[in-house]
Amino acid sequence: MKDLIFNIKSNKQIAKNTYEMVLIGDCGDIKCGQFVNLKIEGFYLRRPISVCCVEGNELTLIYKVVGQGTEVMAQMTVGQSVLTLTGLGNGYDLTKCGEKPLLVGGGAGVPPMYQLCRELVYLGKTPSVILGFNSKDEVFYEDEFKALGANVIVATADGSYGVKGFVTDAFDMVDYTYFYTCGPEPMLKAVYNKSVSSGQFSFEERMGCGFGACMGCSCKTKYGNKRICKDGPVLEKEEIIW
Amino acid sequence: MVSLKTSLCGIELDNPLIPASGTFGFGYEFAEIYDINMLGSFSFKGTTKDARFGNPTPRIAECKNGLINSVGLQNPGVHKVIENELPKLKSCFHKPVMANVSGFSVDDYVYTVKMLDSEPQIGWFEVNVSCPNVHGGGMSFGTSPEAAAQVTRAVKAVTSKPVIVKLSPNVTDIVAIAKACEDAGADGISLINTLLGMRIDLKSKKPVIANKMGGFSGPAIKPVAVRMVYQVYDAVKIPIVGGGGVESAEDVIEMMLAGASAVQVGAANLVDPMACPKIIEALPGVMEKYGIKDLKDIIGGAH
């Protein structure tokens with residue numbers, strides 16, 4: 001964990017209520033599947049945002065405007081500095097990815113799949129990717145995933161783009177031996193029930209500190225109590241208790 | 001040269017900074033990013049007789065200049081604390097530590113203190129009679145002078161270490177409760193714990209916290225804490241550990257002027273893990289600015 005100053009290189013809307021912020025700073029401590037905690041002017045608690053892409057000294061975050069904090073984030077401008085706690089959470093374990101990894105992201109759970117996809121491609125894998133959104137105007141990063149060489153399927157709940165339905169409705173269209181997923185809890189639960197292989201789930205919870213001190217985001221697992229921010233956000237399928 | 005040294009119940013502290021229980025775990029998360037031996041001490045995570053998962057999530061709600069938590073005393077229980085947590089604590093912290101204990105009956109408190117009493121690193125017991133987040137215990141002992149005195153007496157009977165009673169601000173007369181604890185043999189008073197608070201989400205139109213209410217902390221509560229430390233200092237002879245919204249060297253000095261011999265930092269650790277080292281670093285300069293040579297000299301200076 002490090003508390004560092006990053007500077008905004010760009011901050012733009014890429015889909016409905018969805019923004020991409022590129023930050024410049026020391027990314028040395030950041031791993032795939034981790035999150036960062038941003039200090040936003042005027043708010044007491046920091047905002048935990050998952051890592052979408054990290055390349056050299058560039059950190060890309062994609063966030064959805066869901067409340068007052070993210071509304072302020074969306075108004076932040078190029079050159080502004082942001083105090084950022086980096087290196088938070090356990091991240092994905094890539095060693096378990098198997099021959100045919102599947103990545104399943106829903107809505108604000110899509111961004112962490114991108115860095116994961118990049119790293120799996122780097123390892124010589126050809127991941128399948130299922131991206132779920134409510135409707136066409138919320139879809140983002142389809143082309144970016146395709147540019148990595150992944151097999152990409154987009155599903156929309158209202159059928160306005162791609163496969164009509166939820167991410168699980170696209171499961172029969174892919175061949176996989178292991179999976180990684182991130183998204184809203186109902187989606188994670190559906191993936192848990194539909195999936196035929198083992199996999200890793202990235203969870204969200206309201207956090208106090210983001211680094212394991214306050215016990216604000218605890219959950220029960222088959223291997224004991226875990227803190228989503230410190231022992232997670234990634235849990236293995238076998239340990240999850242719904 | 002200025003002196004940051006103070007003492008608490010006969011134990012010398014290099015400086016008055018004591019991270020508050022529940023915001024600092026058992027120390028080792030913070031030891032990853034700084035040498036926690038620079039602290040005066042710290043109060044470890046509230047420990048109970050049995051393991052507790054605590055309350056359902058969401059447990060955290062943000063507020064203007066603070067947060068509400070409803071963790072509900074999650075801890076692995078005193079036996080696992082002794083077996084797993086204290087050895088890890090010992091590996092990164094070499095000073096006397098404050099053992100924060102809680103319970104649901106007088107017997108619970110006694111059991112937990114007895115178990116921990118033989119741990120050499122424990123310098124003080126901080127007996128929490130003020131947790132707003134558990135039913136049938138915690139705060140119910142801290143809202144009546146008789147119950148607070150009963151816990152104090154029972155705990156004092158099973159340990160020779162200093163017993164500091166941590167009081168709740170959610171009372172009409174903090175002075176009466178502090179005096180009752182002093183009369184029952186308490187060696188110190190720690191205040192304040194969190195203020196009972198609530199937030200409602202406009203989208204769901206329901207409380208943000210799963211348990212509906214929780215403990216409000218952060219800079220917003222500092223004036224309440226300063227007031228209560230001031231009032232209690234007037235009424236008791238035992239030392240006071242002051243805390244509530246402290247996040248700067250100026251806040252530490254204000255709390256000591258009100259009457260605190262040592263100062264706890266709570267919520268600030270959660271939003272800035274380097275909060276305590278920054279305060280310690282800033283203290284000498286701020287002391288010089290206000291003409292303070294020795295922190296010990298200003299305790300209760302506002303009276």
# chains A, B, ... in the order shown; residues from 1 in each chain; ligands from 1
>>> residues_around(residues="Glu85 (chain B)", least_positions_apart="2", cutoff="12 Å", atoms="only C-alpha atoms", output="ChimeraX atom specification")
/B:25-29,44-45,47,75-83,87-93,99,119
>>> select_by_dssp(residues="region 18-209 of chain B", states="alpha helix (DSSP H)", output="PyMOL selection string")
chain B and resi 28-31+78-80+86-92+106-117+139-142+145-156+174-183
>>> closest_atom_pairs(of="chain B", to="chain A", cutoff="8 Å", atoms="only C-alpha atoms", output="CSV")
residue,atom,partner,partner_atom,distance
B:Gly22,CA,A:Cys214,CA,5.9
B:Thr23,CA,A:Cys214,CA,5.2
B:Phe24,CA,A:Ala213,CA,5.4
B:Gly25,CA,A:Ala213,CA,5.2
B:Glu29,CA,A:Ala213,CA,6.8
B:Glu32,CA,A:Met1,CA,7.7
B:Ile33,CA,A:Met1,CA,7.0
B:Phe53,CA,A:Asn225,CA,7.2
B:Thr57,CA,A:Cys217,CA,6.7
B:Pro58,CA,A:Arg206,CA,6.0
B:Arg59,CA,A:Gly216,CA,5.4
B:Ile60,CA,A:Gly216,CA,5.9
B:Ala61,CA,A:Arg206,CA,7.9
B:Glu62,CA,A:Leu45,CA,6.4
B:Cys63,CA,A:Tyr44,CA,7.0
B:Lys64,CA,A:Tyr44,CA,6.6
B:Asn65,CA,A:Tyr44,CA,5.4
B:Gly66,CA,A:Tyr44,CA,5.9
B:Leu67,CA,A:Tyr44,CA,7.4
B:Asn69,CA,A:Gly216,CA,7.1
B:Ser70,CA,A:Gly216,CA,7.6
B:Val71,CA,A:Gly216,CA,5.9
B:Gln74,CA,A:Met215,CA,7.2
B:Leu270,CA,A:Cys209,CA,4.5
B:Val271,CA,A:Cys209,CA,5.9
>>> closest_residue(among="A:Val51, A:Ile30, A:Leu235, A:Leu131", to="Gly165 (chain A)", atoms="only C-alpha atoms")
A:Leu131
>>> select_by_dssp(residues="region 121-213 of chain B", states="strand (DSSP E or B)", output="JSON, numbers by chain")
{"B": [122, 123, 124, 125, 126, 127, 128, 163, 164, 165, 166, 188, 189, 190, 191, 195, 196, 197, 198, 200, 201, 206, 207, 213]}
>>> residues_around(residues="Gly124 (chain A)", least_positions_apart="3", cutoff="12 Å", atoms="only C-alpha atoms", output="list in words")
Cys97, Gly98, Glu99, Lys100, Pro101, Cys117, Arg118, Glu119, Leu120, Val121, Pro127, Leu148, Gly149 and Ala150 of chain A
>>> write_last_selection(atoms="C-alpha atoms", output="JSON list (two decimals), in the first residue's frame")
[["chain", "number", "residue", "atom", "x", "y", "z"],
["A", 97, "CYS", "CA", -6.40, -19.53, -15.33],
["A", 98, "GLY", "CA", -6.17, -22.91, -17.11],
["A", 99, "GLU", "CA", -6.14, -23.39, -20.87],
["A", 100, "LYS", "CA", -9.38, -21.60, -21.73],
["A", 101, "PRO", "CA", -10.10, -18.76, -19.33],
["A", 117, "CYS", "CA", -7.49, -9.86, -20.24],
["A", 118, "ARG", "CA", -4.30, -8.00, -21.18],
["A", 119, "GLU", "CA", -2.25, -10.09, -18.77],
["A", 120, "LEU", "CA", -3.80, -13.38, -19.87],
["A", 121, "VAL", "CA", -3.10, -12.51, -23.51],
["A", 127, "PRO", "CA", -9.61, -15.52, -23.23],
["A", 148, "LEU", "CA", -6.50, -7.59, -27.41],
["A", 149, "GLY", "CA", -7.54, -10.61, -29.49],
["A", 150, "ALA", "CA", -10.19, -11.91, -27.09]]
>>> residues_around(residues="region 234-237 of chain B", least_positions_apart="4", cutoff="12 Å", atoms="only C-alpha atoms", output="PyMOL selection string")
chain B and resi 9+173-183+185-189+227-230+258-261+299-303
>>> write_last_selection(atoms="N, CA and C atoms", output="short mmCIF file (atom, residue, chain, number, x, y, z; two decimals), in the first residue's frame")
data_model
loop_
_atom_site.label_atom_id
_atom_site.label_comp_id
_atom_site.auth_asym_id
_atom_site.auth_seq_id
_atom_site.Cartn_x
_atom_site.Cartn_y
_atom_site.Cartn_z
N CYS B 9 -1.14 6.86 33.67
CA CYS B 9 -1.25 5.88 34.76
C CYS B 9 0.12 5.30 35.12
N ASP B 173 -25.39 12.84 31.56
CA ASP B 173 -24.44 13.39 32.53
C ASP B 173 -23.15 12.58 32.55
N ILE B 174 -22.22 12.94 31.68
CA ILE B 174 -20.96 12.22 31.56
C ILE B 174 -20.15 12.30 32.86
N VAL B 175 -20.29 13.41 33.56
CA VAL B 175 -19.50 13.62 34.78
C VAL B 175 -19.88 12.61 35.86
N ALA B 176 -21.17 12.35 35.98
CA ALA B 176 -21.63 11.41 37.02
C ALA B 176 -21.06 10.01 36.74
N ILE B 177 -21.02 9.64 35.48
CA ILE B 177 -20.52 8.30 35.13
C ILE B 177 -19.01 8.24 35.33
N ALA B 178 -18.30 9.27 34.94
CA ALA B 178 -16.85 9.30 35.12
C ALA B 178 -16.51 9.22 36.62
N LYS B 179 -17.24 9.97 37.42
CA LYS B 179 -16.97 9.96 38.87
C LYS B 179 -17.27 8.59 39.48
N ALA B 180 -18.34 7.97 38.99
CA ALA B 180 -18.69 6.63 39.50
C ALA B 180 -17.57 5.64 39.19
N CYS B 181 -16.98 5.76 38.01
CA CYS B 181 -15.87 4.87 37.63
C CYS B 181 -14.65 5.15 38.51
N GLU B 182 -14.37 6.43 38.74
CA GLU B 182 -13.23 6.79 39.59
C GLU B 182 -13.42 6.23 41.00
N ASP B 183 -14.63 6.41 41.53
CA ASP B 183 -14.92 5.91 42.88
C ASP B 183 -14.81 4.39 42.94
N GLY B 185 -12.65 2.69 41.42
CA GLY B 185 -11.25 2.28 41.34
C GLY B 185 -10.60 2.44 40.00
N ALA B 186 -11.31 3.03 39.03
CA ALA B 186 -10.70 3.20 37.70
C ALA B 186 -9.42 4.02 37.82
N ASP B 187 -8.43 3.66 36.98
CA ASP B 187 -7.16 4.39 36.99
C ASP B 187 -7.14 5.51 35.96
N GLY B 188 -8.12 5.49 35.06
CA GLY B 188 -8.19 6.53 34.04
C GLY B 188 -9.53 6.47 33.35
N ILE B 189 -9.82 7.54 32.62
CA ILE B 189 -11.08 7.62 31.86
C ILE B 189 -10.70 7.92 30.41
N ARG B 227 -15.52 19.25 24.85
CA ARG B 227 -16.41 19.67 25.95
C ARG B 227 -16.44 18.61 27.05
N MET B 228 -16.58 17.34 26.67
CA MET B 228 -16.71 16.28 27.67
C MET B 228 -15.39 16.07 28.42
N VAL B 229 -14.27 16.13 27.71
CA VAL B 229 -12.96 16.01 28.38
C VAL B 229 -12.81 17.14 29.39
N TYR B 230 -13.20 18.33 28.98
CA TYR B 230 -13.11 19.51 29.86
C TYR B 230 -13.94 19.31 31.13
N ALA B 258 -7.82 20.82 27.17
CA ALA B 258 -9.11 20.50 27.80
C ALA B 258 -8.93 19.60 29.01
N GLY B 259 -7.81 18.82 29.01
CA GLY B 259 -7.55 17.98 30.18
C GLY B 259 -7.04 16.58 29.88
N ALA B 260 -6.74 16.29 28.61
CA ALA B 260 -6.28 14.95 28.27
C ALA B 260 -4.79 14.78 28.54
N SER B 261 -4.42 13.65 29.17
CA SER B 261 -3.00 13.31 29.37
C SER B 261 -2.43 12.61 28.15
N ILE B 299 -1.51 20.09 30.07
CA ILE B 299 -2.67 19.23 30.37
C ILE B 299 -3.63 19.99 31.29
N GLY B 300 -4.84 20.17 30.83
CA GLY B 300 -5.84 20.90 31.62
C GLY B 300 -5.61 22.39 31.64
N GLY B 301 -4.73 22.88 30.78
CA GLY B 301 -4.35 24.30 30.78
C GLY B 301 -5.50 25.26 30.52
N ALA B 302 -6.57 24.80 29.96
CA ALA B 302 -7.70 25.69 29.64
C ALA B 302 -8.59 25.95 30.84
N HIS B 303 -8.30 25.28 31.97
CA HIS B 303 -9.18 25.43 33.13
C HIS B 303 -8.78 26.64 33.98
#
>>> residues_around(residues="region 104-109 of chain A", least_positions_apart="3", cutoff="8 Å", atoms="only C-alpha atoms", output="list of chain:residue names")
A:Ile62, A:Tyr63, A:Lys64, A:Pro112, A:Met113, A:Val129, A:Ile130, A:Leu131, A:Gly132, A:Phe133, A:Asn134, A:Glu138, A:Val167, A:Phe179, A:Tyr180, A:Thr181, A:Cys182, A:Gly183, A:Pro184, A:Met187
>>> atom_distance(atom1="CA of Ile153 (chain A)", atom2="CA of Leu103 (chain A)")
10.4 Å
>>> closest_residue(among="B:Phe30, B:Phe141, B:Tyr233, B:Phe42", to="Gly103 (chain B)", atoms="only C-alpha atoms")
B:Phe141
>>> closest_residue(among="A:Thr126, A:Gln34, A:Thr70, A:Thr168", to="Phe145 (chain A)", atoms="only C-alpha atoms")
A:Thr126
>>> atom_distance(atom1="CA of Ile280 (chain B)", atom2="CA of Ser130 (chain B)")
27.7 Å
>>> closest_residue(among="B:Ser140, B:Gln231, B:Asn100, B:Ser168", to="Ala20 (chain B)", atoms="only C-alpha atoms")
B:Asn100
>>> closest_residue(among="A:Val22, A:Gly159, A:Asp175, A:Asn151", to="Ser195 (chain A)", atoms="only C-alpha atoms")
A:Asp175
>>> residues_around(residues="Gln115 (chain A)", least_positions_apart="6", cutoff="7 Å", atoms="only C-alpha atoms", output="list in words")
Cys32, Cys52 and Cys53 of chain A
